[in-house]
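Asks: What follows is coords_38.tsv, TSV, C-alpha atoms.
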chain	number	residue	atom	x	y	z
A	196	MET	CA	173.39	86.31	99.58
A	197	GLY	CA	173.92	88.99	97.00
A	198	ALA	CA	172.33	90.99	94.21
A	199	ASN	CA	170.83	89.43	91.08
A	200	GLY	CA	173.50	88.03	88.80
A	201	CYS	CA	176.32	88.16	91.35
A	202	GLY	CA	176.86	84.38	91.16
A	203	LYS	CA	174.85	82.91	94.02
A	204	SER	CA	173.50	79.98	92.00
A	205	THR	CA	176.90	79.51	90.34
A	206	PHE	CA	178.48	79.32	93.78
A	207	LEU	CA	175.99	76.66	94.83
A	208	ARG	CA	176.55	74.65	91.65
A	209	ILE	CA	180.28	74.80	92.32
A	210	CYS	CA	179.63	73.50	95.85
A	211	ALA	CA	177.56	70.69	94.33
A	212	GLY	CA	180.38	69.80	91.91
A	213	LEU	CA	178.26	70.63	88.88
A	214	LEU	CA	180.49	73.50	87.76
A	215	SER	CA	184.24	73.98	88.03
A	216	PRO	CA	185.63	76.99	89.87
A	217	ASP	CA	188.57	79.04	88.61
A	218	SER	CA	190.49	77.85	91.67
A	219	GLY	CA	189.99	76.26	95.05
A	220	GLU	CA	188.32	73.10	96.25
A	221	VAL	CA	185.18	72.01	98.04
A	222	VAL	CA	185.33	69.36	100.75
A	223	VAL	CA	182.04	67.72	101.67
A	224	ASP	CA	181.58	65.72	104.84
A	225	GLY	CA	178.80	63.26	104.07
A	226	GLU	CA	176.05	63.05	101.44
A	227	LEU	CA	174.88	66.03	99.41
A	228	GLY	CA	171.29	67.11	98.86
A	229	PHE	CA	170.70	69.73	96.18
A	230	CYS	CA	167.60	71.84	95.58
A	231	PRO	CA	167.99	73.76	92.30
A	232	GLN	CA	166.21	77.05	91.76
A	233	ASP	CA	164.08	75.58	88.98
A	234	GLY	CA	163.87	72.67	86.58
A	235	GLY	CA	164.41	69.91	89.09
A	236	THR	CA	161.19	67.99	88.44
A	237	TYR	CA	159.47	66.06	85.65
A	238	ASP	CA	156.26	67.65	84.39
A	239	PHE	CA	154.34	64.43	83.85
A	240	LEU	CA	155.34	62.52	86.99
A	241	LEU	CA	153.40	62.51	90.25
A	242	PRO	CA	155.06	63.80	93.43
A	243	GLU	CA	155.22	60.29	94.89
A	244	GLU	CA	156.97	59.06	91.75
A	245	HIS	CA	159.55	61.80	92.24
A	246	PHE	CA	160.06	60.53	95.81
A	247	ALA	CA	160.49	56.98	94.51
A	248	LEU	CA	162.97	58.14	91.87
A	249	VAL	CA	165.18	60.11	94.27
A	250	GLY	CA	164.82	57.46	96.97
A	251	ALA	CA	166.04	54.72	94.63
A	252	GLY	CA	169.17	56.78	94.01
A	253	ARG	CA	169.75	56.95	97.76
A	254	GLY	CA	169.24	53.22	98.10
A	255	LEU	CA	165.81	53.41	99.71
A	256	ASP	CA	162.99	51.06	98.81
A	257	ARG	CA	159.85	52.49	97.30
A	258	ALA	CA	157.63	52.28	100.37
A	259	ARG	CA	160.21	54.04	102.52
A	260	SER	CA	160.80	56.71	99.87
A	261	ARG	CA	157.11	57.49	99.69
A	262	ARG	CA	156.77	57.52	103.46
A	263	LEU	CA	159.71	59.89	103.85
A	264	GLY	CA	158.39	62.07	101.04
A	265	ARG	CA	154.94	62.30	102.59
A	266	THR	CA	156.43	63.11	105.98
A	267	GLY	CA	158.62	65.84	104.48
A	268	ALA	CA	155.66	67.24	102.57
A	269	ALA	CA	153.49	67.27	105.70
A	270	THR	CA	156.04	69.45	107.49
A	271	LEU	CA	155.52	71.99	104.70
A	272	HIS	CA	151.70	71.75	105.02
A	273	TRP	CA	151.33	69.84	101.77
A	274	ASP	CA	149.61	66.55	101.03
A	275	PRO	CA	151.25	65.05	97.93
A	276	ALA	CA	148.65	62.28	97.53
A	277	GLY	CA	145.92	62.70	94.94
A	278	GLY	CA	147.56	61.96	91.63
A	279	VAL	CA	148.37	65.51	90.56
A	280	GLN	CA	151.18	65.66	88.03
A	281	ALA	CA	154.00	68.10	88.76
A	282	ARG	CA	153.01	70.34	85.84
A	283	HIS	CA	149.64	70.98	87.49
A	284	LEU	CA	151.11	71.98	90.86
A	285	SER	CA	151.20	75.66	91.74
A	286	GLY	CA	154.60	77.35	91.74
A	287	GLY	CA	154.87	77.22	95.52
A	288	THR	CA	153.76	73.61	95.76
A	289	ARG	CA	156.16	72.60	93.02
A	290	GLN	CA	158.92	74.25	95.02
A	291	LYS	CA	157.84	72.23	98.06
A	292	LEU	CA	158.24	69.10	95.93
A	293	ASN	CA	161.67	70.32	94.90
A	294	LEU	CA	162.65	70.85	98.54
A	295	VAL	CA	161.29	67.51	99.75
A	296	MET	CA	163.26	65.75	97.00
A	297	ALA	CA	166.45	67.49	98.16
A	298	THR	CA	165.98	66.48	101.80
A	299	LEU	CA	164.83	62.90	101.11
A	300	GLY	CA	167.11	60.37	102.76
A	301	ASP	CA	168.52	62.91	105.23
A	302	PRO	CA	171.64	64.05	103.39
A	303	ASP	CA	174.33	65.55	105.63
A	304	VAL	CA	174.84	68.69	103.54
A	305	LEU	CA	171.93	70.57	101.99
A	306	LEU	CA	172.45	73.05	99.17
A	307	LEU	CA	169.24	75.04	98.70
A	308	ASP	CA	168.95	77.62	95.93
A	309	GLU	CA	166.19	80.04	96.94
A	310	PRO	CA	164.02	77.09	97.89
A	311	TYR	CA	161.11	79.10	99.27
A	312	GLN	CA	160.01	80.86	96.08
A	313	GLY	CA	156.23	80.90	95.92
A	314	PHE	CA	155.81	79.81	99.54
A	315	ASP	CA	153.06	81.53	101.47
A	316	ARG	CA	154.02	83.42	104.62
A	317	GLY	CA	153.31	80.53	107.01
A	318	THR	CA	155.27	77.99	104.97
A	319	TYR	CA	158.14	80.44	104.61
A	320	VAL	CA	158.40	80.83	108.39
A	321	ASP	CA	158.12	77.08	108.84
A	322	PHE	CA	160.85	76.55	106.26
A	323	TRP	CA	163.35	78.52	108.32
A	324	GLN	CA	162.35	76.61	111.44
A	325	HIS	CA	163.15	73.40	109.54
A	326	VAL	CA	166.51	74.84	108.53
A	327	TRP	CA	167.34	75.50	112.16
A	328	ARG	CA	166.14	72.04	113.18
A	329	TRP	CA	168.29	70.43	110.50
A	330	ARG	CA	171.23	72.50	111.70
A	331	ASP	CA	170.63	71.40	115.30
A	332	GLU	CA	170.61	67.79	114.10
A	333	GLY	CA	174.16	68.30	112.85
A	334	ARG	CA	173.58	68.98	109.18
A	335	ALA	CA	175.17	71.76	107.19
A	336	ILE	CA	172.75	73.86	105.17
A	337	VAL	CA	173.70	76.41	102.55
A	338	VAL	CA	170.76	78.62	101.55
A	339	VAL	CA	171.02	81.03	98.67
A	340	THR	CA	168.87	84.06	99.38
A	341	HIS	CA	168.43	87.69	98.49
A	342	LEU	CA	166.12	88.32	101.43
A	343	LEU	CA	167.83	90.10	104.27
A	344	ASN	CA	165.41	89.57	107.13
A	345	GLN	CA	166.73	86.13	108.15
A	346	LEU	CA	170.42	86.93	108.17
A	347	ASP	CA	170.60	87.35	111.94
A	348	GLN	CA	169.43	83.76	112.32
A	349	VAL	CA	172.10	81.98	110.32
A	350	ASP	CA	175.58	81.00	111.41
A	351	GLN	CA	177.49	82.51	108.52
A	352	VAL	CA	176.68	85.02	105.80
A	353	LEU	CA	178.64	85.12	102.58
A	354	ASP	CA	177.88	88.25	100.59
A	355	LEU	CA	178.76	87.75	96.92
A	356	THR	CA	177.86	91.27	95.84
A	357	PRO	CA	180.87	92.65	93.93
A	358	GLY	CA	183.13	94.60	96.23
A	359	THR	CA	181.72	93.08	99.40
A	360	ARG	CA	182.94	89.51	99.15
A	361	GLU	CA	183.44	88.66	102.74
A	362	ALA	CA	182.19	86.14	105.22
A	363	VAL	CA	180.49	87.35	108.38
A	364	ALA	CA	180.32	84.90	111.24
B	221	MET	CA	167.55	48.35	90.15
B	222	ARG	CA	168.31	52.03	89.63
B	223	ILE	CA	168.33	51.53	85.86
B	224	LEU	CA	164.89	49.93	86.05
B	225	THR	CA	163.56	52.75	88.21
B	226	VAL	CA	164.74	55.33	85.69
B	227	ALA	CA	163.24	53.25	82.86
B	228	GLU	CA	159.94	52.91	84.68
B	229	MET	CA	159.66	56.62	85.35
B	230	ALA	CA	160.57	57.49	81.75
B	231	LEU	CA	157.83	55.14	80.54
B	232	ARG	CA	155.33	56.52	83.03
B	233	GLU	CA	156.12	60.02	81.87
B	234	ILE	CA	155.75	59.36	78.17
B	235	SER	CA	152.66	57.17	78.62
B	236	ARG	CA	150.85	60.19	80.07
B	237	ARG	CA	151.50	62.23	76.95
B	238	ARG	CA	148.54	60.87	75.01
B	239	GLY	CA	149.09	63.24	72.11
B	240	VAL	CA	152.64	62.01	71.75
B	241	LEU	CA	151.52	58.38	71.79
B	242	VAL	CA	148.95	59.05	69.06
B	243	LEU	CA	151.58	60.78	66.93
B	244	LEU	CA	154.07	57.96	67.52
B	245	LEU	CA	151.54	55.57	66.02
B	246	THR	CA	150.39	57.97	63.32
B	247	LEU	CA	153.81	58.51	61.78
B	248	PRO	CA	154.50	54.88	60.75
B	249	LEU	CA	150.84	54.42	59.81
B	250	VAL	CA	150.92	57.36	57.41
B	251	CYS	CA	154.16	56.05	55.94
B	252	TYR	CA	152.52	52.68	55.40
B	253	LEU	CA	149.29	53.99	53.90
B	254	VAL	CA	150.98	56.46	51.54
B	255	ARG	CA	152.85	53.61	49.79
B	256	HIS	CA	150.25	50.91	50.36
B	257	ASP	CA	150.03	50.12	46.66
B	258	GLN	CA	153.65	48.89	46.67
B	259	VAL	CA	154.46	46.02	49.02
B	260	GLY	CA	158.17	46.69	49.37
B	261	GLN	CA	158.00	50.44	49.64
B	262	SER	CA	155.13	50.41	52.13
B	263	ILE	CA	157.02	48.09	54.47
B	264	ARG	CA	160.31	49.96	54.10
B	265	PHE	CA	158.52	53.23	54.81
B	266	VAL	CA	156.76	51.87	57.87
B	267	MET	CA	160.15	50.86	59.30
B	268	LEU	CA	161.53	54.29	58.56
B	269	GLY	CA	158.48	55.91	60.17
B	270	LEU	CA	158.93	53.67	63.19
B	271	ALA	CA	162.61	54.60	63.46
B	272	TRP	CA	161.76	58.28	63.09
B	273	ALA	CA	159.07	58.12	65.77
B	274	VAL	CA	161.22	56.27	68.30
B	275	SER	CA	164.31	58.42	67.77
B	276	THR	CA	162.19	61.57	68.15
B	277	ALA	CA	160.71	60.23	71.39
B	278	ALA	CA	164.22	59.44	72.65
B	279	LEU	CA	165.44	62.89	71.66
B	280	PHE	CA	162.67	64.58	73.64
B	281	ALA	CA	163.09	62.21	76.60
B	282	SER	CA	166.72	63.25	76.66
B	283	GLY	CA	165.71	66.93	76.62
B	284	THR	CA	163.21	66.69	79.47
B	285	SER	CA	165.77	64.89	81.63
B	286	ARG	CA	168.65	67.26	81.03
B	287	HIS	CA	167.69	69.60	83.88
B	288	VAL	CA	166.80	66.85	86.35
B	289	GLU	CA	169.80	64.60	85.86
B	290	PRO	CA	172.32	66.70	87.80
B	291	ARG	CA	170.22	66.42	90.96
B	292	LEU	CA	169.66	62.70	90.35
B	293	ARG	CA	173.41	62.30	89.99
B	294	LEU	CA	173.82	63.94	93.39
B	295	SER	CA	171.10	61.66	94.77
B	296	GLY	CA	173.25	58.61	94.18
B	297	TYR	CA	172.74	57.73	90.51
B	298	ARG	CA	175.71	57.14	88.25
B	299	SER	CA	175.52	58.46	84.72
B	300	HIS	CA	175.11	54.95	83.28
B	301	HIS	CA	172.02	54.40	85.45
B	302	LEU	CA	170.45	57.43	83.79
B	303	TYR	CA	171.21	56.86	80.11
B	304	LEU	CA	170.75	53.09	80.24
B	305	GLY	CA	167.43	53.49	82.07
B	306	ARG	CA	166.23	55.88	79.40
B	307	LEU	CA	167.51	53.58	76.66
B	308	VAL	CA	165.62	50.61	78.10
B	309	ALA	CA	162.46	52.75	78.30
B	310	MET	CA	162.76	53.80	74.66
B	311	TRP	CA	163.33	50.23	73.54
B	312	VAL	CA	160.21	49.08	75.39
B	313	LEU	CA	158.23	51.99	73.98
B	314	GLY	CA	159.53	51.30	70.47
B	315	LEU	CA	158.63	47.62	70.60
B	316	ALA	CA	155.17	48.53	71.87
B	317	VAL	CA	154.73	50.88	68.91
B	318	ALA	CA	156.17	48.33	66.47
B	319	ALA	CA	153.93	45.45	67.59
B	320	PRO	CA	150.66	46.71	66.03
B	321	PHE	CA	152.44	47.47	62.75
B	322	TYR	CA	153.94	44.02	62.64
B	323	THR	CA	150.46	42.60	63.18
B	324	LEU	CA	149.03	44.90	60.50
B	325	ILE	CA	151.63	43.83	57.93
B	326	ALA	CA	151.30	40.18	58.90
B	327	VAL	CA	147.56	40.36	58.27
B	328	ASP	CA	147.77	42.60	55.22
B	329	ARG	CA	150.87	41.20	53.49
B	330	GLY	CA	151.60	38.01	55.40
B	331	GLY	CA	151.77	35.86	52.29
B	332	ASP	CA	154.29	38.10	50.53
B	333	VAL	CA	157.04	38.52	53.12
B	334	ARG	CA	159.22	36.52	55.49
B	335	LEU	CA	157.57	37.43	58.77
B	336	GLY	CA	160.47	36.38	60.99
B	337	ALA	CA	162.84	38.63	59.09
B	338	LEU	CA	160.28	41.42	59.14
B	339	ALA	CA	160.14	41.16	62.95
B	340	ALA	CA	163.94	41.32	63.07
B	341	ALA	CA	164.02	44.37	60.79
B	342	MET	CA	161.44	46.21	62.90
B	343	ALA	CA	163.17	45.26	66.15
B	344	LEU	CA	166.47	46.48	64.71
B	345	ALA	CA	164.89	49.77	63.61
B	346	VAL	CA	163.79	50.31	67.22
B	347	THR	CA	167.13	49.13	68.61
B	348	VAL	CA	169.07	51.63	66.52
B	349	ALA	CA	166.57	54.50	66.80
B	350	ALA	CA	166.58	54.73	70.60
B	351	PRO	CA	170.32	55.36	71.15
B	352	LEU	CA	170.42	57.54	68.02
B	353	GLY	CA	167.75	59.85	69.49
B	354	LEU	CA	169.57	59.91	72.83
B	355	LEU	CA	172.84	60.66	71.05
B	356	ILE	CA	171.38	63.63	69.17
B	357	GLY	CA	169.83	64.82	72.45
B	358	ALA	CA	173.24	64.57	74.12
B	359	LEU	CA	175.01	66.40	71.29
B	360	VAL	CA	172.63	69.34	70.97
B	361	PRO	CA	170.93	70.62	74.11
B	362	ARG	CA	168.08	72.39	72.31
B	363	GLU	CA	165.21	70.28	71.00
B	364	LEU	CA	164.60	72.31	67.84
B	365	GLU	CA	168.16	71.75	66.63
B	366	GLY	CA	167.92	68.09	67.56
B	367	THR	CA	164.66	67.67	65.67
B	368	LEU	CA	166.16	69.28	62.58
B	369	ILE	CA	169.22	67.02	62.73
B	370	LEU	CA	166.92	64.03	62.93
B	371	LEU	CA	164.88	65.35	60.02
B	372	VAL	CA	168.02	65.68	57.90
B	373	THR	CA	169.08	62.14	58.85
B	374	ILE	CA	165.73	60.59	57.97
B	375	SER	CA	165.37	62.63	54.78
B	376	LEU	CA	168.82	61.49	53.69
B	377	GLN	CA	167.85	57.92	54.44
B	378	MET	CA	164.70	58.30	52.31
B	379	MET	CA	166.26	60.08	49.35
B	380	ILE	CA	169.65	58.47	48.95
B	381	ASP	CA	170.02	55.99	46.09
B	382	PRO	CA	169.96	52.48	47.65
B	383	ALA	CA	172.75	51.45	45.26
B	384	ASP	CA	175.01	54.25	46.48
B	385	TYR	CA	177.75	53.02	48.80
B	386	LEU	CA	177.09	56.02	51.05
B	387	THR	CA	173.78	54.50	52.06
B	388	ARG	CA	175.78	52.17	54.32
B	389	LEU	CA	176.74	55.15	56.41
B	390	THR	CA	173.12	55.99	57.20
B	391	PRO	CA	171.93	54.72	60.59
B	392	PHE	CA	168.95	52.69	59.43
B	393	TRP	CA	170.58	50.89	56.53
B	394	SER	CA	170.35	47.71	58.60
B	395	SER	CA	166.55	47.72	58.56
B	396	ARG	CA	166.58	48.32	54.83
B	397	GLU	CA	168.86	45.33	54.22
B	398	ILE	CA	166.85	42.97	56.39
B	399	GLY	CA	163.70	44.43	54.89
B	400	THR	CA	165.00	43.51	51.44
B	401	TYR	CA	165.69	39.98	52.70
B	402	ALA	CA	162.15	39.81	54.08
B	403	ILE	CA	160.35	41.37	51.13
B	404	ASP	CA	162.36	40.34	48.07
B	405	HIS	CA	163.38	36.92	49.42
B	406	THR	CA	167.06	37.56	48.75
B	407	GLY	CA	169.98	35.53	50.10
B	408	THR	CA	171.04	35.45	53.76
B	409	GLU	CA	173.93	37.82	53.08
B	410	TYR	CA	171.40	40.67	53.34
B	411	LEU	CA	170.30	39.43	56.73
B	412	VAL	CA	173.88	39.07	58.00
B	413	ARG	CA	174.92	42.50	56.68
B	414	GLY	CA	171.86	44.12	58.17
B	415	LEU	CA	172.27	42.52	61.59
B	416	THR	CA	175.96	43.41	61.68
B	417	HIS	CA	175.32	47.00	60.67
B	418	GLY	CA	172.48	47.43	63.18
B	419	ILE	CA	174.49	46.01	66.07
B	420	VAL	CA	177.53	48.15	65.22
B	421	VAL	CA	175.47	51.36	64.93
B	422	THR	CA	173.65	50.59	68.19
B	423	LEU	CA	176.88	49.93	70.07
B	424	LEU	CA	178.55	52.99	68.59
B	425	ALA	CA	175.64	55.31	69.38
B	426	THR	CA	175.32	53.91	72.91
B	427	ALA	CA	179.06	54.28	73.51
B	428	LEU	CA	178.96	57.91	72.38
B	429	VAL	CA	175.94	58.59	74.62
B	430	ALA	CA	177.89	57.01	77.49
B	431	VAL	CA	180.91	59.23	76.88
B	432	LEU	CA	178.89	62.44	76.50
B	433	SER	CA	176.78	61.62	79.53
B	434	ALA	CA	179.81	60.81	81.66
B	435	ILE	CA	181.44	64.11	80.66
B	436	ARG	CA	178.32	66.21	81.30
B	437	LEU	CA	177.48	64.59	84.63
B	438	ARG	CA	181.03	64.12	85.91
B	439	THR	CA	181.93	65.16	89.42
B	440	ARG	CA	184.38	68.03	89.00
B	441	PRO	CA	187.83	67.43	90.48
B	442	HIS	CA	187.61	70.37	92.88
B	443	LEU	CA	184.94	68.49	94.88
B	444	ARG	CA	186.10	65.82	97.24
B	445	TYR	CA	184.38	63.95	100.00
B	446	ALA	CA	185.98	63.82	103.44
B	447	PRO	CA	186.78	60.31	104.66
B	448	ARG	CA	184.25	59.13	107.25
Show me this structure written as structure tokens.

Replies:
Amino acid sequence: MGANGCGKSTFLRICAGLLSPDSGEVVVDGELGFCPQDGGTYDFLLPEEHFALVGAGRGLDRARSRRLGRTGAATLHWDPAGGVQARHLSGGTRQKLNLVMATLGDPDVLLLDEPYQGFDRGTYVDFWQHVWRWRDEGRAIVVVTHLLNQLDQVDQVLDLTPGTREAVA
Amino acid sequence: MRILTVAEMALREISRRRGVLVLLLTLPLVCYLVRHDQVGQSIRFVMLGLAWAVSTAALFASGTSRHVEPRLRLSGYRSHHLYLGRLVAMWVLGLAVAAPFYTLIAVDRGGDVRLGALAAAMALAVTVAAPLGLLIGALVPRELEGTLILLVTISLQMMIDPADYLTRLTPFWSSREIGTYAIDHTGTEYLVRGLTHGIVVTLLATALVAVLSAIRLRTRPHLRYAPR
């Protein structure tokens, strides 16, 4: 967590290996799933085509990718069927697509950059319940946030605000 | 398999941009009609219009993918899956755009030109244009700059004196040479030179795209995966 511009997204991109840090290393145990803050989808593709695209990268066949995508979407109260291109999805629904893509194939480590933007209240609450379920299943989840009301329900908080860089267990 | 999936999705995406498809066909058509009174010029211009259209499509395909590719890389794709998939898609698109123009010229000018060589010249224009557009997209991240670079390239190709040795350094010289063989019924040296030039430019552009893509999408050395 931290204030705007303090480097939360940069930190996550370093964890994902997309940016180099000044020093240090990141050790990942298992497969990575990454949900960027924005720009992670193709405007003219359907949600199910996004599932097929990500699934192929993870070595899943198309039918399984779509099934997993639909299941993930259903947990966020979203039905991706219907042939709506990503550009026509609302901001919140597009973010659900973004999140489902990141979790497709059950990666061991999830890096989520403010993944709940645009979610309604119910979906937001459900999202955190999913985070806790994923954690209980043995996955590591890093969530970038600037919202303070969930901090008592995570295992570790890293505050990147200048002058307060410390980890709180 | 991953390359084909990327190619399929790139084709699906561009096929839904109906305005783009219309413009892709309009550009070579306008080039053809503007010089319709001259057999040679009209055919050379249609090939240039085709090359321009395909390289522009490739440039924009590269731009729309730039923000998605890092997550695809983390989803299991290697960089060559991504650029080769897009390259295949642009080649398929280019050949689909070229086919009606080949038919048009065959019907309109069939008696005046070597049709086999014309097909080779058009195919080579597409073959070179796709990696060239991807290369410009890889070199400059913003589409406006990329479009202007492409405009300069095509304008140079149009305006440069064909007798000038520098014309050999332009990317679509190959189509011009084979076009000359097809239109003016010259010797096979034009065909050989054109094919050689087109293959070299295609390989060079693809190699540069590969290098730039590998650098941009590389896994940084600070990240390592624990043994399982």

Asks: Quick one: everything within 10 Å of region 264-270 of chain A, counting only C-alpha atoms, minus sequence neighbours fewer than 2 positions away in the same chain. Send it as number ranges by chain.

Replies: A: 242-247, 249-250, 258-262, 272-276, 288, 291-292, 294-296, 298-300, 318, 321-322, 325

Asks: Counting only C-alpha atoms, which of A:Thr356, A:Asn199, A:Ser218, A:Gln324 gets nearest to chain B?

Replies: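 Looking at the shortest contact to chain B, the residue is A:Ser218.
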
Asks: When the cut-off is 8 Å and we count all atoms listed in the file, which residues of chain B are near chain A, given as a ChimeraX atom specification?

Replies: /B:221-222,225-226,229,232-234,236-237,284-285,287-288,290-292,294-297,437-448

Asks: Hey, which of A:His341, A:Ala281, A:Leu271, A:Val352 ends up closest to Trp323 (chain A)? Count all atoms listed in the file.

Replies: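 Of A:His341, A:Ala281, A:Leu271, A:Val352, the one nearest Trp323 (chain A), counting all atoms listed in the file, is A:Leu271.
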
Asks: How many Å lie between CA of Ala339 (chain B) and CA of Pro382 (chain B), rounded to one decimal?

Replies: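 Separation between CA of Ala339 (chain B) and CA of Pro382 (chain B): 21.4 Å.
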
Asks: Report, in Å to a single decimal, how far apart CA of Ser394 (chain B) and CA of Met342 (chain B) are.

Replies: 10.0 Å

Asks: Quick one: residues within 7 Å of Pro248 (chain B), all atoms listed in the file, excluding same-chain residues fewer than 2 positions away - as a list in words?

Replies: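 So the residues in contact are Leu245, Thr246, Val250, Cys251, Tyr252, Val266, Gly269 and Leu270 of chain B.
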
Asks: Go ahead and write the selection's residues with C-alpha atoms as an mmCIF file, in the frame of the given file.

Replies:
data_model
loop_
_atom_site.group_PDB
_atom_site.id
_atom_site.type_symbol
_atom_site.label_atom_id
_atom_site.label_comp_id
_atom_site.auth_asym_id
_atom_site.auth_seq_id
_atom_site.Cartn_x
_atom_site.Cartn_y
_atom_site.Cartn_z
ATOM 1 C CA LEU B 245 151.540 55.570 66.020
ATOM 2 C CA THR B 246 150.390 57.970 63.320
ATOM 3 C CA VAL B 250 150.920 57.360 57.410
ATOM 4 C CA CYS B 251 154.160 56.050 55.940
ATOM 5 C CA TYR B 252 152.520 52.680 55.400
ATOM 6 C CA VAL B 266 156.760 51.870 57.870
ATOM 7 C CA GLY B 269 158.480 55.910 60.170
ATOM 8 C CA LEU B 270 158.930 53.670 63.190
#

Asks: Dump as a ChimeraX atom specification all residues having an atom at most 12 Å from (159.1, 53.0, 59.2), computed in the file's coordinates with all atoms listed in the file.

Replies: /B:244-255,260-275,314,317-318,321-322,325,338,341-346,349,374,377-378,392-393,395-396,399

Asks: What does the structure give for the distance between CA of Val304 (chain A) and CA of Ala335 (chain A), in Å to one decimal?

Replies: 4.8 Å

Asks: List the neighbours of Leu428 (chain B) out to 12 Å using all atoms listed in the file; skip same-chain residues closer than 5 positions along the sequence, and give me the result as a compact mmCIF listing (two decimals) with C-alpha atoms, in the frame of the given file.

Replies:
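Written output follows (out.txt):
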# COMPACT_ATOMS: atom_id res chain seq x y z
CA HIS B 300 175.11 54.95 83.28
CA TYR B 303 171.21 56.86 80.11
CA PRO B 351 170.32 55.36 71.15
CA LEU B 352 170.42 57.54 68.02
CA GLY B 353 167.75 59.85 69.49
CA LEU B 354 169.57 59.91 72.83
CA LEU B 355 172.84 60.66 71.05
CA ILE B 356 171.38 63.63 69.17
CA GLY B 357 169.83 64.82 72.45
CA ALA B 358 173.24 64.57 74.12
CA LEU B 359 175.01 66.40 71.29
CA VAL B 421 175.47 51.36 64.93
CA THR B 422 173.65 50.59 68.19
CA LEU B 423 176.88 49.93 70.07
CA SER B 433 176.78 61.62 79.53
CA ALA B 434 179.81 60.81 81.66
CA ILE B 435 181.44 64.11 80.66
